[in-house]
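work11.cif, holding mmCIF, C-alpha atoms and all ligand atoms:
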data_final
#
loop_
_atom_site.label_atom_id
_atom_site.label_comp_id
_atom_site.auth_asym_id
_atom_site.auth_seq_id
_atom_site.Cartn_x
_atom_site.Cartn_y
_atom_site.Cartn_z
CA MET W 110 8.40 28.46 8.17
CA PRO W 111 8.03 26.37 5.02
CA LEU W 112 5.36 23.74 4.61
CA ILE W 113 7.16 20.38 4.66
CA ILE W 114 5.90 17.83 2.15
CA PHE W 115 7.11 14.24 2.26
CA ASN W 116 6.65 12.58 -1.12
CA GLY W 117 6.22 8.86 -0.43
CA SER W 118 6.08 7.61 -3.99
CA PRO W 119 8.50 4.76 -4.75
CA ARG W 120 8.87 6.50 -8.13
CA GLY W 121 10.34 9.54 -6.40
CA LYS W 122 10.25 12.75 -8.39
CA ASN W 123 8.89 11.03 -11.46
CA SER W 124 5.54 10.20 -9.94
CA ASN W 125 1.85 10.92 -10.00
CA THR W 126 2.28 12.12 -6.43
CA THR W 127 4.67 14.81 -7.73
CA LEU W 128 2.24 15.91 -10.44
CA LEU W 129 -0.54 16.40 -7.90
CA MET W 130 1.62 18.00 -5.21
CA ASP W 131 3.18 20.42 -7.72
CA GLN W 132 -0.31 21.77 -8.30
CA PHE W 133 -1.01 21.96 -4.59
CA ILE W 134 2.25 23.87 -4.04
CA ALA W 135 1.54 26.26 -6.93
CA GLY W 136 -1.77 27.12 -5.25
CA TYR W 137 -0.22 27.30 -1.80
CA THR W 138 2.48 29.77 -2.87
CA HIS W 139 0.41 31.86 -5.26
CA GLY W 140 0.35 35.59 -4.51
CA ASN W 141 2.06 35.33 -1.10
CA ASP W 142 5.52 34.55 0.24
CA ASN W 143 4.69 31.03 1.43
CA GLN W 144 7.29 28.38 0.90
CA ALA W 145 7.04 24.64 0.52
CA GLN W 146 9.83 22.07 0.67
CA VAL W 147 9.51 18.59 -0.79
CA HIS W 148 11.50 15.64 0.56
CA TYR W 149 11.49 12.29 -1.17
CA LEU W 150 11.13 9.19 0.94
CA ILE W 151 12.78 6.94 -1.66
CA HIS W 152 16.01 8.04 -0.02
CA THR W 153 15.44 5.60 2.82
CA LYS W 154 18.89 6.30 4.27
CA ASP W 155 17.69 9.82 5.12
CA ALA W 156 15.16 8.53 7.66
CA ASP W 157 16.86 10.29 10.61
CA LYS W 158 17.23 13.54 8.71
CA ASN W 159 13.56 13.34 7.72
CA MET W 160 12.59 12.74 11.33
CA GLU W 161 14.40 15.94 12.29
CA LEU W 162 12.71 17.88 9.52
CA PHE W 163 9.41 16.55 10.79
CA GLN W 164 10.00 17.56 14.40
CA ASP W 165 11.05 21.08 13.46
CA ALA W 166 8.11 21.73 11.12
CA GLU W 167 4.84 23.50 11.83
CA ASN W 168 2.86 21.87 9.05
CA VAL W 169 3.60 18.56 7.36
CA ILE W 170 1.87 16.79 4.49
CA LEU W 171 2.70 13.16 3.80
CA ALA W 172 1.63 12.19 0.26
CA PHE W 173 1.83 8.70 -1.21
CA PRO W 174 0.25 6.20 -3.61
CA LEU W 175 -1.83 3.32 -2.28
CA TYR W 176 0.30 0.16 -2.37
CA THR W 177 -1.37 -3.19 -1.67
CA ASP W 178 -4.14 -1.37 0.18
CA ALA W 179 -1.84 0.54 2.49
CA MET W 180 1.28 2.75 2.48
CA PRO W 181 4.30 1.70 0.37
CA GLY W 182 7.16 0.01 2.25
CA ILE W 183 9.32 3.16 2.07
CA VAL W 184 6.56 5.17 3.76
CA LYS W 185 6.28 2.64 6.59
CA HIS W 186 10.06 2.87 6.96
CA PHE W 187 9.72 6.65 7.39
CA ILE W 188 6.83 6.27 9.87
CA GLU W 189 8.96 3.93 11.98
CA ALA W 190 11.68 6.59 12.15
CA LEU W 191 9.13 8.96 13.73
CA GLN W 192 8.63 6.66 16.71
CA PRO W 193 10.82 8.72 19.10
CA LEU W 194 8.49 11.70 18.51
CA CYS W 195 5.34 9.99 19.77
CA GLY W 196 3.47 12.11 22.27
CA ARG W 197 6.16 14.83 22.36
CA SER W 198 4.72 18.33 22.64
CA GLY W 199 5.33 20.66 19.72
CA ASN W 200 4.85 18.13 16.94
CA PRO W 201 3.61 19.63 13.65
CA ARG W 202 0.10 19.68 12.29
CA LEU W 203 -0.16 16.70 9.98
CA GLY W 204 -2.19 16.06 6.83
CA PHE W 205 -2.08 13.34 4.21
CA VAL W 206 -2.64 12.74 0.51
CA VAL W 207 -3.42 9.21 -0.67
CA GLN W 208 -3.99 8.51 -4.34
CA SER W 209 -4.62 5.18 -6.02
CA GLY W 210 -4.85 3.31 -9.28
CA PHE W 211 -8.37 1.98 -8.83
CA PRO W 212 -10.99 4.66 -9.35
CA GLU W 213 -13.09 4.19 -6.20
CA PRO W 214 -12.07 6.22 -3.14
CA HIS W 215 -13.33 3.32 -1.01
CA HIS W 216 -9.98 1.52 -1.54
CA CYS W 217 -8.14 4.31 0.29
CA ARG W 218 -10.48 4.67 3.27
CA PHE W 219 -8.87 1.91 5.31
CA VAL W 220 -5.39 3.38 5.25
CA GLU W 221 -7.03 6.75 5.91
CA ALA W 222 -8.27 5.33 9.23
CA TYR W 223 -4.69 4.27 9.97
CA LEU W 224 -3.36 7.75 9.15
CA GLN W 225 -5.85 9.46 11.42
CA LYS W 226 -4.75 7.18 14.25
CA LEU W 227 -1.11 7.82 13.35
CA ALA W 228 -1.58 11.57 13.84
CA LYS W 229 -3.13 10.87 17.23
CA ARG W 230 -0.33 8.46 18.17
CA LEU W 231 2.27 11.13 17.35
CA GLY W 232 0.28 13.79 19.15
CA CYS W 233 -0.08 15.82 15.96
CA GLU W 234 -3.14 17.87 15.12
CA TYR W 235 -4.78 15.94 12.26
CA LEU W 236 -5.50 18.08 9.20
CA GLY W 237 -7.30 15.38 7.25
CA THR W 238 -6.58 13.19 4.25
CA ILE W 239 -7.01 14.09 0.61
CA VAL W 240 -8.11 10.95 -1.24
CA LYS W 241 -8.15 10.55 -5.00
CA GLY W 242 -8.69 7.39 -7.04
CA GLY W 243 -8.04 6.67 -10.70
CA VAL W 244 -4.67 8.40 -10.77
CA GLU W 245 -2.48 5.84 -12.58
CA GLY W 246 -2.07 6.96 -16.17
CA ILE W 247 -2.32 10.71 -15.58
CA GLN W 248 1.29 11.08 -16.76
CA MET W 249 0.23 10.24 -20.30
CA MET W 250 -3.18 11.88 -20.36
CA PRO W 251 -3.74 14.90 -22.60
CA PRO W 252 -4.12 18.19 -20.65
CA ASN W 253 -7.89 18.35 -21.13
CA MET W 254 -8.26 15.10 -19.18
CA THR W 255 -6.29 16.25 -16.16
CA ARG W 256 -7.26 19.92 -16.11
CA LYS W 257 -10.05 19.54 -13.56
CA LEU W 258 -8.01 17.26 -11.30
CA PHE W 259 -5.03 19.61 -11.33
CA LYS W 260 -7.23 22.63 -10.75
CA THR W 261 -8.76 21.00 -7.68
CA PHE W 262 -5.30 20.27 -6.22
CA TYR W 263 -4.29 23.85 -7.00
CA ASP W 264 -7.39 25.14 -5.22
CA LEU W 265 -6.71 22.86 -2.27
CA GLY W 266 -3.31 24.58 -2.01
CA VAL W 267 -4.88 28.05 -2.17
CA PHE W 268 -7.36 27.09 0.54
CA PHE W 269 -4.60 25.57 2.68
CA ALA W 270 -2.58 28.79 2.47
CA LYS W 271 -5.58 30.73 3.79
CA TYR W 272 -7.02 28.42 6.43
CA ASN W 273 -4.38 25.83 7.26
CA ALA W 274 -6.91 23.13 6.45
CA PHE W 275 -8.17 20.97 3.61
CA SER W 276 -11.39 22.31 2.15
CA SER W 277 -14.10 19.73 2.72
CA GLU W 278 -15.93 21.01 -0.34
CA LEU W 279 -12.90 20.35 -2.55
CA LEU W 280 -12.36 16.94 -0.94
CA ARG W 281 -15.91 16.05 -1.93
CA GLU W 282 -15.22 17.24 -5.46
CA LEU W 283 -12.41 14.67 -5.69
CA THR W 284 -14.58 11.88 -4.33
CA PRO W 285 -18.16 12.36 -5.46
CA ARG W 286 -18.95 8.66 -4.92
CA GLU W 287 -17.31 6.06 -2.71
CA ASN W 288 -18.04 3.18 -5.07
CA MET W 289 -18.96 2.71 -8.72
CA SER W 290 -22.61 3.11 -9.58
CA TRP W 291 -24.51 0.29 -11.28
CA LEU W 292 -24.35 2.28 -14.51
CA ARG W 293 -20.60 2.79 -14.37
CA ARG W 294 -20.02 -0.87 -13.58
CA THR W 295 -22.17 -1.87 -16.53
CA ILE W 296 -20.34 0.48 -18.88
CA PHE W 297 -17.05 -0.82 -17.51
CA ARG W 298 -18.12 -4.42 -18.15
CA ILE W 299 -19.06 -3.63 -21.74
CA LEU W 300 -15.82 -1.76 -22.37
CA ASN W 301 -13.98 -4.65 -20.75
CA LEU W 302 -15.34 -6.98 -23.43
CA THR W 303 -13.84 -4.75 -26.07
CA GLY W 304 -10.50 -4.67 -24.24
CA LEU W 305 -10.69 -0.90 -24.04
CA THR W 306 -10.33 -0.86 -20.26
CA ASN W 307 -6.93 -2.53 -20.65
CA PHE W 308 -5.69 0.01 -23.13
CA TYR W 309 -3.04 1.43 -20.82
CA TRP W 310 -1.55 -1.98 -19.99
CA ASN W 311 -1.78 -3.29 -23.54
CA MET W 312 -0.02 -0.26 -24.94
CA HIS W 313 2.94 -0.78 -22.61
CA LEU W 314 2.97 -4.57 -23.11
CA LYS W 315 3.24 -4.05 -26.86
CA LYS W 316 5.82 -1.32 -26.56
CA ASN W 317 7.99 -3.69 -24.54
CA ASN W 318 7.47 -6.67 -26.85
CA ALA W 319 5.88 -8.51 -23.96
CA TRP W 320 2.36 -8.85 -25.34
CA ASP W 321 2.71 -12.58 -26.01
CA LYS W 322 3.93 -13.13 -22.49
CA ARG W 323 1.20 -11.20 -20.76
CA PHE W 324 -0.42 -14.28 -19.21
CA ASP W 325 2.90 -15.88 -18.18
CA ARG W 326 3.00 -17.74 -14.89
CA PRO W 327 6.72 -17.92 -14.16
CA PHE W 328 6.25 -19.55 -10.76
CA ALA W 329 3.56 -22.11 -11.63
CA MET Y 143 -0.93 -28.21 4.03
CA LYS Y 144 1.89 -26.15 2.61
CA ILE Y 145 2.45 -23.15 4.83
CA LEU Y 146 4.59 -20.09 4.26
CA ILE Y 147 5.34 -17.79 7.15
CA LEU Y 148 6.60 -14.37 6.13
CA ASP Y 149 8.25 -13.08 9.26
CA GLY Y 150 8.73 -9.31 9.38
CA GLN Y 151 10.43 -9.05 12.78
CA PRO Y 152 13.27 -6.53 12.34
CA ASP Y 153 14.77 -7.20 15.79
CA ALA Y 154 17.00 -10.28 15.91
CA ASN Y 155 17.29 -9.90 19.68
CA ASP Y 156 13.61 -10.29 20.50
CA VAL Y 157 13.97 -13.79 21.97
CA GLN Y 158 10.39 -13.96 23.17
CA TYR Y 159 9.01 -13.41 19.69
CA ALA Y 160 11.58 -15.75 18.11
CA GLY Y 161 10.73 -18.44 20.66
CA TYR Y 162 7.03 -18.11 19.91
CA LEU Y 163 7.59 -18.47 16.17
CA ARG Y 164 9.92 -21.42 16.71
CA GLN Y 165 7.28 -23.21 18.78
CA LEU Y 166 4.60 -22.47 16.23
CA VAL Y 167 6.71 -23.85 13.40
CA GLN Y 168 7.48 -27.01 15.43
CA ARG Y 169 3.81 -27.49 16.31
CA LEU Y 170 2.73 -27.10 12.68
CA ARG Y 171 5.37 -29.56 11.51
CA ALA Y 172 4.33 -32.02 14.22
CA GLY Y 173 0.83 -31.67 12.81
CA ASN Y 174 2.13 -32.85 9.43
CA HIS Y 175 2.23 -29.50 7.72
CA SER Y 176 5.12 -28.52 5.54
CA VAL Y 177 6.35 -25.13 6.74
CA THR Y 178 8.67 -22.57 5.19
CA HIS Y 179 9.58 -19.89 7.70
CA THR Y 180 11.10 -16.94 5.86
CA ILE Y 181 12.74 -14.38 8.11
CA ILE Y 182 12.68 -11.29 5.96
CA ARG Y 183 15.50 -9.41 7.72
CA GLU Y 184 17.86 -12.20 6.60
CA GLN Y 185 16.79 -11.81 2.99
CA SER Y 186 17.93 -9.34 0.42
CA ILE Y 187 14.84 -7.55 -0.86
CA LYS Y 188 14.84 -4.23 -2.67
CA TYR Y 189 11.90 -1.88 -2.31
CA CYS Y 190 9.38 -1.88 -5.15
CA THR Y 191 10.02 1.17 -7.34
CA GLY Y 192 6.65 1.16 -9.09
CA CYS Y 193 8.24 0.57 -12.52
CA TRP Y 194 5.59 -1.96 -13.64
CA SER Y 195 8.23 -4.15 -15.29
CA CYS Y 196 6.53 -7.09 -13.56
CA TRP Y 197 3.38 -6.33 -15.52
CA TRP Y 198 4.58 -5.10 -18.87
CA LYS Y 199 8.24 -6.07 -19.45
CA THR Y 200 8.76 -9.43 -17.76
CA PRO Y 201 5.14 -10.37 -17.01
CA GLY Y 202 4.77 -12.11 -13.67
CA ARG Y 203 8.30 -11.45 -12.47
CA CYS Y 204 10.05 -8.52 -10.80
CA PHE Y 205 12.72 -7.05 -13.00
CA VAL Y 206 15.09 -6.96 -10.00
CA GLN Y 207 16.74 -10.27 -9.15
CA ASP Y 208 16.34 -10.30 -5.38
CA ASP Y 209 14.98 -12.77 -2.83
CA SER Y 210 11.43 -11.61 -3.49
CA GLN Y 211 11.37 -13.95 -6.50
CA GLN Y 212 11.74 -16.97 -4.24
CA ILE Y 213 9.09 -15.51 -1.95
CA CYS Y 214 6.71 -15.14 -4.90
CA ALA Y 215 7.35 -18.76 -5.85
CA ASP Y 216 6.84 -19.95 -2.26
CA THR Y 217 3.67 -17.87 -1.97
CA ILE Y 218 2.01 -19.24 -5.06
CA HIS Y 219 2.82 -22.81 -4.02
CA ALA Y 220 1.50 -22.35 -0.50
CA ASP Y 221 -2.00 -23.21 0.69
CA PHE Y 222 -1.69 -20.81 3.55
CA LEU Y 223 0.36 -17.65 4.03
CA LEU Y 224 0.89 -16.30 7.53
CA PHE Y 225 2.08 -12.72 7.85
CA ALA Y 226 3.90 -12.47 11.17
CA SER Y 227 5.18 -9.21 12.60
CA PRO Y 228 5.43 -7.02 15.63
CA VAL Y 229 3.13 -4.01 15.55
CA ILE Y 230 5.29 -0.92 15.10
CA MET Y 231 3.60 2.48 15.07
CA GLY Y 232 0.25 0.75 14.76
CA PHE Y 233 1.08 -1.40 11.75
CA PRO Y 234 3.15 -4.46 10.78
CA SER Y 235 6.81 -3.71 10.09
CA ALA Y 236 8.24 -1.89 7.08
CA LEU Y 237 10.11 -5.13 6.32
CA LEU Y 238 6.85 -7.01 5.96
CA LYS Y 239 5.19 -4.22 4.00
CA LYS Y 240 8.07 -3.96 1.57
CA THR Y 241 7.80 -7.70 0.95
CA GLN Y 242 4.05 -7.51 0.50
CA ASP Y 243 4.51 -4.82 -2.16
CA LYS Y 244 6.71 -7.28 -4.04
CA LEU Y 245 3.89 -9.83 -4.30
CA ILE Y 246 2.25 -7.66 -6.97
CA PRO Y 247 3.81 -9.68 -9.88
CA LEU Y 248 1.56 -12.56 -8.81
CA LEU Y 249 -1.46 -10.61 -10.02
CA HIS Y 250 -2.38 -9.53 -13.53
CA PRO Y 251 -2.70 -5.87 -14.54
CA TYR Y 252 -6.12 -6.28 -16.16
CA ILE Y 253 -8.97 -5.00 -14.06
CA GLN Y 254 -12.19 -6.85 -13.33
CA ILE Y 255 -15.24 -5.99 -11.30
CA VAL Y 256 -15.30 -8.23 -8.22
CA HIS Y 257 -17.90 -7.67 -5.47
CA LYS Y 258 -18.96 -4.52 -7.34
CA GLU Y 259 -15.43 -3.10 -7.10
CA CYS Y 260 -12.38 -2.88 -9.32
CA HIS Y 261 -9.81 -5.55 -8.61
CA HIS Y 262 -7.07 -7.22 -10.60
CA ARG Y 263 -7.49 -10.32 -12.68
CA LYS Y 264 -5.82 -13.44 -11.35
CA ARG Y 265 -2.55 -14.50 -12.92
CA TYR Y 266 -2.63 -17.92 -11.24
CA GLU Y 267 -5.52 -20.32 -10.62
CA SER Y 268 -5.47 -19.91 -6.89
CA TYR Y 269 -3.85 -17.96 -4.13
CA PRO Y 270 -3.08 -19.01 -0.57
CA LYS Y 271 -5.46 -18.18 2.24
CA LEU Y 272 -4.08 -15.53 4.54
CA GLY Y 273 -3.63 -15.12 8.28
CA LEU Y 274 -2.08 -12.43 10.47
CA LEU Y 275 -0.05 -13.04 13.58
CA LEU Y 276 0.81 -9.86 15.47
CA GLN Y 277 3.00 -9.14 18.42
CA LYS Y 278 1.51 -6.19 20.26
CA SER Y 279 3.65 -3.30 21.42
CA PRO Y 280 2.98 -1.46 24.70
CA ASP Y 281 0.99 1.16 22.74
CA THR Y 282 -1.08 -1.30 20.66
CA ASP Y 283 -4.80 -1.17 21.42
CA ALA Y 284 -7.92 -2.88 20.09
CA GLU Y 285 -8.47 -0.06 17.60
CA ASP Y 286 -5.02 -0.68 16.09
CA ILE Y 287 -5.77 -4.38 15.68
CA LYS Y 288 -9.05 -3.52 13.98
CA ILE Y 289 -7.39 -1.00 11.63
CA ILE Y 290 -4.72 -3.54 10.66
CA THR Y 291 -7.28 -6.31 10.20
CA ASP Y 292 -9.45 -4.10 7.99
CA ILE Y 293 -6.48 -3.26 5.77
CA TYR Y 294 -5.41 -6.89 5.41
CA ASP Y 295 -9.01 -7.84 4.71
CA ARG Y 296 -8.93 -5.40 1.83
CA PHE Y 297 -5.58 -6.78 0.70
CA SER Y 298 -7.03 -10.29 0.72
CA LEU Y 299 -9.75 -9.13 -1.69
CA ASN Y 300 -7.16 -7.73 -4.06
CA PHE Y 301 -5.11 -10.87 -3.60
CA ARG Y 302 -8.19 -12.85 -4.62
CA SER Y 303 -8.07 -14.71 -1.32
CA THR Y 304 -9.50 -14.42 2.19
CA LEU Y 305 -8.07 -13.24 5.49
CA ASP Y 306 -8.98 -16.08 7.81
CA PHE Y 307 -7.85 -14.65 11.12
CA THR Y 308 -5.88 -12.05 13.02
CA MET Y 309 -4.28 -13.42 16.17
CA THR Y 310 -1.66 -12.09 18.56
CA THR Y 311 1.30 -13.67 20.29
CA GLU Y 312 -0.60 -13.16 23.57
CA GLN Y 313 -2.63 -16.17 22.52
CA PRO Y 314 -1.18 -19.63 23.18
CA VAL Y 315 0.71 -21.24 20.28
CA GLU Y 316 -1.79 -24.08 20.40
CA GLU Y 317 -4.64 -21.69 19.52
CA VAL Y 318 -2.81 -20.36 16.49
CA PHE Y 319 -2.02 -23.92 15.49
CA HIS Y 320 -5.71 -24.84 15.70
CA ALA Y 321 -6.78 -21.81 13.71
CA ILE Y 322 -4.45 -22.91 10.89
CA ASN Y 323 -5.03 -26.64 11.25
CA HIS Y 324 -8.81 -26.23 10.89
CA LEU Y 325 -8.63 -24.38 7.60
C1 LIG U 401 3.24 -2.52 -5.89
C2 LIG U 401 2.04 -1.67 -6.18
C3 LIG U 401 0.88 -1.85 -5.47
C4 LIG U 401 -0.25 -1.09 -5.73
N1 LIG U 401 -1.39 -1.32 -5.00
C5 LIG U 401 -2.52 -0.62 -5.28
C6 LIG U 401 -3.73 -0.89 -4.55
O1 LIG U 401 -3.77 -1.74 -3.65
N2 LIG U 401 -4.85 -0.21 -4.91
C7 LIG U 401 -4.83 0.75 -5.90
O2 LIG U 401 -5.88 1.32 -6.16
N3 LIG U 401 -3.69 1.04 -6.57
C8 LIG U 401 -2.55 0.38 -6.27
N4 LIG U 401 -1.38 0.66 -6.96
C9 LIG U 401 -1.40 1.73 -7.98
C10 LIG U 401 -0.81 3.07 -7.49
O3 LIG U 401 -1.43 3.51 -6.33
C11 LIG U 401 -1.02 4.11 -8.57
O4 LIG U 401 -0.39 3.67 -9.75
C12 LIG U 401 -0.47 5.49 -8.20
O5 LIG U 401 -1.05 6.48 -9.00
C13 LIG U 401 1.04 5.58 -8.33
O6 LIG U 401 1.46 6.85 -7.88
P1 LIG U 401 2.96 7.40 -7.96
O7 LIG U 401 3.30 7.58 -9.41
O8 LIG U 401 2.93 8.68 -7.22
O9 LIG U 401 3.83 6.39 -7.29
C14 LIG U 401 -0.22 -0.10 -6.73
C15 LIG U 401 0.94 0.09 -7.46
C16 LIG U 401 2.07 -0.67 -7.21
C17 LIG U 401 3.31 -0.46 -8.04
#

Can I see the file as structure tokens?
Amino acid sequence: MPLIIFNGSPRGKNSNTTLLMDQFIAGYTHGNDNQAQVHYLIHTKDADKNMELFQDAENVILAFPLYTDAMPGIVKHFIEALQPLCGRSGNPRLGFVVQSGFPEPHHCRFVEAYLQKLAKRLGCEYLGTIVKGGVEGIQMMPPNMTRKLFKTFYDLGVFFAKYNAFSSELLRELTPRENMSWLRRTIFRILNLTGLTNFYWNMHLKKNNAWDKRFDRPFA
Amino acid sequence: MKILILDGQPDANDVQYAGYLRQLVQRLRAGNHSVTHTIIREQSIKYCTGCWSCWWKTPGRCFVQDDSQQICADTIHADFLLFASPVIMGFPSALLKKTQDKLIPLLHPYIQIVHKECHHRKRYESYPKLGLLLQKSPDTDAEDIKIITDIYDRFSLNFRSTLDFTMTTEQPVEEVFHAINHL
């Protein structure tokens, strides 16, 4: 039976979630006849169909970006469609992937607590949550900057194929520290003075001829 | 005080909840507060698509012309923002969450270190204080309330504000009124 992956990015296929899960799937299906199916939660009209896919699956991974410190609206919409399955016997094993823009994993820990409770509420065996910060921008990074990240997601897939679990060692590799060290904060502050930390935003602001409007307050 | 209530109740037939909110609004108005009660299910709001237009194409404004623009305007003019919702699967409704996602244009993309963590720079001088009013479901327990409160506490940090309380509709309207009135 295929591994069912729900991609909860509001960007759908064109997302950081896809980039990471593609690696996971490549690892999961390498050298065996495993299969993985991805379903995109941006199709909110498919909520009932997705609920059925969920109830028939053995293993489910729900992957999404952190949105205002929790799950995006489309993911909550999907979770609400699962309500009839609460406590039913035969629900799948359930794991999660949460990735965020801010670099510190700490930002994701609060929704992680929610997800763990969600698995319990549904009566699903909880497989854990893969957390990764600092993911916005990976679409435009050169390969040498994402190699290690992608390799870790690939290895997580390989491990999952073998043990039906997330490797705690690899999880730690993704989140060596919960918060920024004093040194990193200091470096960040210095780079902030040079504007380097805003490079990503500035580049897009300029590309869109919106640089002059960047401090606009349309509702003031 | 200017108060905005963002009401995420999806069920128009929940008369108990509607009655509670109606009483609360009346009580706040009687206490000389100006109240906007926005019932999200009656609004047309598209889901955020993560396109970042609001940060790098039309700074401060969602690219999509839906009712979230009025909600952003009401939010930034409010002194207090109350998120009201039933608890569904251990969390406020998808309606409320979708609306919350659309508040992101009110912040600025630039990152600053606040309380030793990365957060976004303010776009406006000040942001409303926040409160949470939850209607429990039969399966809601104290742990759920704590999980929700923790998440909204975190959101308040990112929103450069504070979460002043979490209350439930089991508490008398008068208590919620006092909690807001004393701010
Ligand atoms: C509306 C909105 C809210 C967001 N809220 C947060 C947040 O609270 N914390 C955070 O670290 N990143 C936040 N992000 C950033 C995303 O988590 C990050 O860009 C992610 O990598 C996007 O993944 P995707 O391409 O798979 O959708 C937010 C992004 C958007 C568009």

Name the residues in contact with Ala226 (chain Y) at a cut-off of 8 Å, using all atoms listed in the file, excluding same-chain residues fewer than 2 positions from it; report them as an mmCIF file with C-alpha atoms, in the coordinates of the input.
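Written output follows (around03.cif):
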data_model
loop_
_atom_site.group_PDB
_atom_site.id
_atom_site.type_symbol
_atom_site.label_atom_id
_atom_site.label_comp_id
_atom_site.auth_asym_id
_atom_site.auth_seq_id
_atom_site.Cartn_x
_atom_site.Cartn_y
_atom_site.Cartn_z
ATOM 1 C CA ILE Y 147 5.340 -17.790 7.150
ATOM 2 C CA LEU Y 148 6.600 -14.370 6.130
ATOM 3 C CA ASP Y 149 8.250 -13.080 9.260
ATOM 4 C CA GLY Y 150 8.730 -9.310 9.380
ATOM 5 C CA GLN Y 151 10.430 -9.050 12.780
ATOM 6 C CA LEU Y 224 0.890 -16.300 7.530
ATOM 7 C CA PRO Y 228 5.430 -7.020 15.630
ATOM 8 C CA LEU Y 274 -2.080 -12.430 10.470
ATOM 9 C CA LEU Y 275 -0.050 -13.040 13.580
ATOM 10 C CA LEU Y 276 0.810 -9.860 15.470
#

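Of the residues under consideration (Y:Glu317, Y:Asp306, Y:Asp243, Y:Glu267), Y:Asp243 shows the shortest atom-to-atom contact distance to chain W when counting all atoms listed in the file.
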
(request) Give me the residues within 8 Å of Glu245 (chain W) as a list in words, counting all atoms listed in the file and dropping any in the same chain fewer than 6 places off. (result) Asn125, Ser209, Gly210 and Phe211 of chain W

(message) Here is a test: counting all atoms listed in the file, which residue of Y:Gly192, Y:Pro280, Y:Pro270, Y:Pro314 is nearest to chain W?
(response) Y:Gly192

(request) Tell me which of Y:Cys214, Y:Met143, Y:Leu245, Y:Ile290 sits closest to ligand LIG 401 (chain U), counting all atoms listed in the file. (result) Y:Leu245

(request) At a cut-off of 9 Å, list the chain W residues touching chain Y, using all atoms listed in the file, as JSON, numbers by chain. (result) {"W": [118, 119, 120, 121, 151, 176, 177, 178, 179, 180, 181, 182, 183, 184, 185, 186, 187, 188, 189, 191, 192, 211, 212, 213, 216, 219, 220, 222, 223, 226, 227, 230, 288, 289, 290, 291, 294, 297, 298, 301, 306, 307, 310, 311, 313, 314, 315, 316, 317, 318, 319, 320, 322, 323, 324, 325, 326, 327, 328, 329]}

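With only C-alpha atoms as the atoms that count, the minimum distance from Leu223 (chain Y) to the choices Y:Gly173, Y:Gly161, Y:Pro152, Y:Gly273 is reached by Y:Gly273.
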
(message) So, with only C-alpha atoms and all ligand atoms as the atoms that count, which of W:Ala274, W:Met312, W:Met249, W:Leu112 lies closest to ligand LIG 401 (chain U)?
(response) W:Met249

(request) Do a neighbour search on Val147 (chain W) at 9 Å with all atoms listed in the file, toss out local chain neighbours closer than 4 positions, and write the hits as a list in words. (result)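 With the cut-off at 9 Å, the set is Leu112, Ile113, Ile114, Phe115 and Asn116 of chain W.
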
(message) So the first atom is CA of His179 (chain Y) and the second is CA of Ile287 (chain Y); what is the distance between them in Å, to one decimal place?
(response) 23.2 Å

Give, as AutoDock Vina command-line options, the centre coordinates and the x, y and z edge lengths in Å to one decimal for an axis-aligned box around all listed atoms of ligand LIG 401 (chain U), padded by 4 Å on each side.
--center_x -1.0 --center_y 3.1 --center_z -6.7 --size_x 17.7 --size_y 19.2 --size_z 14.1

(message) Taking (-6.5, -15.2, -4.2) as a centre in this file's frame and 6 Å as the limit, can you find every polymer residue with an atom that close, using only C-alpha atoms, and give them as a PyMOL selection string?
(response) chain Y and resi 268-269+301-303

(message) I need the residue nearest ligand LIG 401 (chain U) from this list: Y:Cys204, Y:Ala172, Y:Leu166, Y:Leu146. Use all atoms listed in the file for the distance.
(response) Y:Cys204

(request) Excluding Phe222 (chain Y) and any residue of its chain fewer than 2 positions from it, enumerate the residues within 6 Å of it, using only C-alpha atoms, and give them as a PyMOL selection string. (result) chain Y and resi 145+220+270-272

Next, write the just-selected residues to a file, as a compact mmCIF listing (two decimals), keeping the file's coordinate frame, keeping C-alpha atoms as the atom set.
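See result.txt below for the written result:
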# COMPACT_ATOMS: atom_id res chain seq x y z
CA ILE Y 145 2.45 -23.15 4.83
CA ALA Y 220 1.50 -22.35 -0.50
CA PRO Y 270 -3.08 -19.01 -0.57
CA LYS Y 271 -5.46 -18.18 2.24
CA LEU Y 272 -4.08 -15.53 4.54

(request) State, in Å with one decimal place, the distance from CA of Pro285 (chain W) to CA of Pro174 (chain W). (result)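 Going from CA of Pro285 (chain W) over to CA of Pro174 (chain W), I get 19.5 Å.
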
(request) Just give me the gap between CA of Leu258 (chain W) and CA of Leu283 (chain W) in Å, one decimal is fine. (result)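 Going from CA of Leu258 (chain W) over to CA of Leu283 (chain W) covers 7.6 Å.
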
(message) Could you list, as a ChimeraX atom specification, every residue within 9 Å of Pro111 (chain W), counting all atoms listed in the file and ignoring same-chain residues fewer than 3 positions away?
(response) /W:143-146,166-168
